[in-house]
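**Q** I have a structure I would like to understand better, so I am pasting it below and will then ask my questions one at a time.
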Amino acid sequence: MARIVATGAAQLGPIARAESRESVVGRMIALLEKGAARGCDLIVYPELALTTFFPRWYMEDQAEVDAFFERTMPNDATAPLFARAKELGIGFSFGYAELVREGDRLHHYNTAIVVDKEGQIVHRYRKIHLPGHKENEPWRAFQHLEKRYFEASSEPFSAAEAFGGLIGQAICNDRRWPETYRELALRGAEMVLIGYNTPVHYPLAPEHDHLQCFHNHLCMQAGAYQNGMWIVGVAKAGKEEGCDLIGQSCIIAPTGEIVAMASTLGDELVAYECDLDRCVEIRANIFSFKLHRRPEIYTAIAAVN
Ligand code: CDT
């Protein structure tokens with residue numbers, strides 16, 4: 001019997017700095033209900049889904065920064081999403097800024113979670129590849145201060161048993177790195193959920209601005225095909241606080257084909273019945289790791305310099 005996960009990619013349009021988490025969660029619930037009407041098992045929301053993409057601003061006051069972070073999950077603001085999803089029998093994933101005390105240290109992570117149909121958090125991932133810079137660079141049209149506000153995870157990629165298969169996560173910039181997909185595939189992931197906030201304008205190479213949407217799909221389609229897995233890529237899109245973010249949220253089959261794609265830059269749900277057994281089409285054939293992979297030759301890949 002096929003293992004179908006009816007999946008919704010729930011793209012969010014812009015979130016203003018002044019918009020409350022309660023308001024955003026209301027928008028997320030509206031998309032969840034659309035997903036329910038379409039028979040979805042799983043709804044995937046973007047990176048840092050609860051607030052505006054705050055790393056675009058340089059802030060010196062740590063209290064101002066910390067106001068964008070969640071100290072518990074679920075919390076008062078997100079509880080209605082957890083409750084409604086459980087009521088509807090739908091699982092979901094979303095990204096948020098996580099502030100956690102471990103031992104005597106506070107940690108700030110760019111995090112995403114997967115919640116199952118019973119409302120339990122079954123997977124947590126903290127972003128490994130943090131892009132951008134640490135200091136204020138006023139020459140830029142806007143900042144990208146993820147390296148200032150977040151700590152990079154030192155935990156490996158992983159996959160959790162959920163929705164009848166093995167589900168992994170990555171966040172935004174991770175999707176550009178081939179190692180992300182291969183690590184996840186080697187750990188068994190059959191579907192990878194990836195939220196993103198990607199500006200159209202890349203200050204370091206503005207000559208690539210017109211290629212942002214192409215590169216977005218290029219890396220995720222290649223990752224899906226070369227590792228035989230489903231990819232769900234979900235944007236925060238549109239003009240957010242004067243910054244244009246790409247959309248084109250999509251669901252990609254293990255063949256590398258885009259099977260569903262958003263066509264707006266606003267709140268939009270696209271859905272597809274993803275058959276996890278289709279991973280075998282690729283994994284038992286052209287990319288059979290067991291038969292054809294040569295890790296003993298790939299020594300440079302894992303070398304730590
Ligand atoms: N959120 C995130 O990781 N965005 C980056 C922007 C480019 S690097 C400044 C991305 O890879 O899409």
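Naming works like this for the structure tokens: A, B, ... for the chains as they're shown, residue 1 at the start of each chain, ligands 1 onward in shown order.
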Quick one: residues within 9 Å of Gly247 of chain A, only C-alpha atoms counted, chain neighbours fewer than 4 positions away excluded, as a list in words?

**A**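 The neighbour list is Gln11, Leu12, Gly13, Asn197, Thr198, Cys213, Val234, Ala235, Lys236, Ala237, Gly238, Ala262, Ser263, Thr264, Leu265 and Gly266 of chain A.
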
**Q** Any chance you could export the current selection's N, CA and C atoms as a tab-separated table (two decimals), in the first residue's frame?

**A**
chain	number	residue	atom	x	y	z
A	11	GLN	N	2.54	28.97	2.23
A	11	GLN	CA	3.34	30.20	2.08
A	11	GLN	C	2.67	31.35	2.85
A	12	LEU	N	3.51	32.14	3.52
A	12	LEU	CA	3.00	33.35	4.18
A	12	LEU	C	3.47	34.57	3.41
A	13	GLY	N	2.58	35.53	3.26
A	13	GLY	CA	2.95	36.82	2.71
A	13	GLY	C	3.69	37.62	3.77
A	197	ASN	N	13.28	32.55	3.97
A	197	ASN	CA	13.07	34.00	3.78
A	197	ASN	C	14.22	34.43	2.88
A	198	THR	N	13.97	34.62	1.63
A	198	THR	CA	15.06	34.93	0.70
A	198	THR	C	14.80	36.25	-0.01
A	213	CYS	N	15.07	33.31	-7.92
A	213	CYS	CA	14.03	32.26	-8.00
A	213	CYS	C	14.59	31.00	-8.67
A	234	VAL	N	9.09	26.23	1.48
A	234	VAL	CA	8.00	27.18	1.77
A	234	VAL	C	8.55	28.56	2.12
A	235	ALA	N	8.06	29.55	1.39
A	235	ALA	CA	8.57	30.92	1.52
A	235	ALA	C	7.76	31.76	2.48
A	236	LYS	N	8.46	32.73	3.07
A	236	LYS	CA	7.80	33.97	3.49
A	236	LYS	C	8.08	34.91	2.33
A	237	ALA	N	7.02	35.42	1.73
A	237	ALA	CA	7.15	36.08	0.43
A	237	ALA	C	6.62	37.51	0.46
A	238	GLY	N	6.95	38.23	-0.61
A	238	GLY	CA	6.36	39.55	-0.80
A	238	GLY	C	7.19	40.67	-0.20
A	262	ALA	N	3.34	27.72	-5.58
A	262	ALA	CA	2.55	28.92	-5.31
A	262	ALA	C	2.73	29.91	-6.46
A	263	SER	N	1.68	30.67	-6.74
A	263	SER	CA	1.77	31.61	-7.85
A	263	SER	C	1.58	33.06	-7.41
A	264	THR	N	1.45	33.27	-6.09
A	264	THR	CA	1.33	34.64	-5.58
A	264	THR	C	2.51	34.93	-4.64
A	265	LEU	N	2.52	36.14	-4.10
A	265	LEU	CA	3.53	36.50	-3.09
A	265	LEU	C	2.84	36.74	-1.75
A	266	GLY	N	1.67	36.14	-1.58
A	266	GLY	CA	0.91	36.33	-0.35
A	266	GLY	C	0.66	35.01	0.37

**Q** Report as a PDB file with C-alpha atoms, in the first residue's frame which protein, DNA and RNA residues come within 7 Å of ligand 1, using only C-alpha atoms and all ligand atoms.

**A**
ATOM      1  CA  LEU A 130      23.746  30.686   9.152  1.00  0.00           C
ATOM      2  CA  PRO A 131      24.226  33.200   6.321  1.00  0.00           C
ATOM      3  CA  GLY A 132      25.027  36.881   6.468  1.00  0.00           C
ATOM      4  CA  HIS A 144      21.344  40.117   7.075  1.00  0.00           C
ATOM      5  CA  ILE A 171      16.134  25.920   7.073  1.00  0.00           C
ATOM      6  CA  CYS A 172      16.551  28.412   4.236  1.00  0.00           C
ATOM      7  CA  ASN A 173      20.277  28.818   3.531  1.00  0.00           C
ATOM      8  CA  ARG A 176      21.799  25.748  -1.043  1.00  0.00           C
ATOM      9  CA  TYR A 196      12.854  30.174   3.788  1.00  0.00           C
ATOM     10  CA  ASN A 197      13.069  34.000   3.783  1.00  0.00           C
ATOM     11  CA  THR A 198      15.060  34.934   0.698  1.00  0.00           C
ATOM     12  CA  PRO A 199      15.448  38.551  -0.398  1.00  0.00           C
ATOM     13  CA  TYR A 202      21.691  40.031  -2.677  1.00  0.00           C
TER      14      TYR A 202
END

**Q** Residues near Glu118 of chain A, anyone? I mean within 7 Å using only C-alpha atoms, not counting same-chain ones fewer than 2 positions away, as number ranges by chain.

**A** A: 86, 89, 116, 120

**Q** Using only C-alpha atoms, find the one residue out of A:His292, A:Glu146, A:Ala284, A:Met220 that sits nearest to Glu257 of chain A.

**A** A:Met220

**Q** Got a sec: who's within 8 Å of Ser20 of chain A, counting only C-alpha atoms, leaving out chain neighbours fewer than 3 positions off, as a count of residues only?

**A** 3

**Q** Using only C-alpha atoms, which protein or nucleic acid residues come within 9 Å of Phe289 of chain A? Drop anything in the same chain fewer than 5 positions from it, and give the result as number ranges by chain.

**A** A: 186, 227, 283-284, 294

**Q** Would you mind listing what lies within 9 Å of Tyr181 of chain A as a PDB file with C-alpha atoms, in the first residue's frame, with only C-alpha atoms counted and same-chain residues fewer than 4 positions away left out?

**A**
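What ended up in around-v4.pdb:
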ATOM      1  CA  ALA A 170      16.472  22.137   7.017  1.00  0.00           C
ATOM      2  CA  ASP A 174      20.787  25.092   4.291  1.00  0.00           C
ATOM      3  CA  ARG A 175      18.950  24.332   1.046  1.00  0.00           C
ATOM      4  CA  TRP A 177      24.297  23.204   0.347  1.00  0.00           C
ATOM      5  CA  ALA A 185      19.290  11.059   2.897  1.00  0.00           C
ATOM      6  CA  LEU A 186      22.010   9.009   4.598  1.00  0.00           C
ATOM      7  CA  ALA A 189      14.879  11.119   5.389  1.00  0.00           C
ATOM      8  CA  VAL A 192      12.571  17.241   3.885  1.00  0.00           C
ATOM      9  CA  MET A 220      16.013  22.025  -4.064  1.00  0.00           C
ATOM     10  CA  GLY A 223      18.680  17.859  -3.769  1.00  0.00           C
ATOM     11  CA  ALA A 224      15.436  15.961  -4.293  1.00  0.00           C
ATOM     12  CA  GLN A 226      20.213  13.309  -6.278  1.00  0.00           C
ATOM     13  CA  ASN A 227      18.947  11.867  -3.006  1.00  0.00           C
ATOM     14  CA  MET A 229      13.409  12.366  -1.613  1.00  0.00           C
TER      15      MET A 229
END

**Q** Rounded to one decimal in Å, what is the spacing between atom CA of Arg182 of chain A and atom CA of Ala9 of chain A?

**A**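 So the two atoms, atom CA of Arg182 of chain A and atom CA of Ala9 of chain A, lie 22.5 Å apart.
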
**Q** Counting only C-alpha atoms, figure out which residue out of A:Leu50, A:Ile128, A:Ile231, A:Cys40 gets nearest to Glu19 of chain A.

**A**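 Closest candidate: A:Leu50.
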
**Q** Going by DSSP on the backbone, which bits of segment 18-262 of chain A are strand (DSSP E or B)? Write them as a ChimeraX atom specification, please.

**A** /A:42-44,70,91-102,105-115,121-126,159-162,165-171,191-196,199,230-236,238-240,243-245,250-252,258-261

**Q** Go through A:Ala97, A:Val25, A:Ile167, A:Ala260 and flag the residue nearest Glu190 of chain A, using only C-alpha atoms for the distances.

**A** A:Ile167

**Q** Have a look at atom CA of Glu137 of chain A and atom CA of Tyr58 of chain A and let me know their distance in Å, one decimal.

**A** 8.7 Å

**Q** Give me, as a ChimeraX atom specification, all polymer residues having an atom no more than 7 Å from Gly95 of chain A, counting only C-alpha atoms and skipping those fewer than 6 positions away in the same chain.

**A** /A:46-49,111-113,195

**Q** For a quick check of understanding, using only C-alpha atoms, which of A:Met191, A:Glu102, A:Gly39, A:Ile252 has the smallest distance to His217 of chain A?

**A** A:Ile252
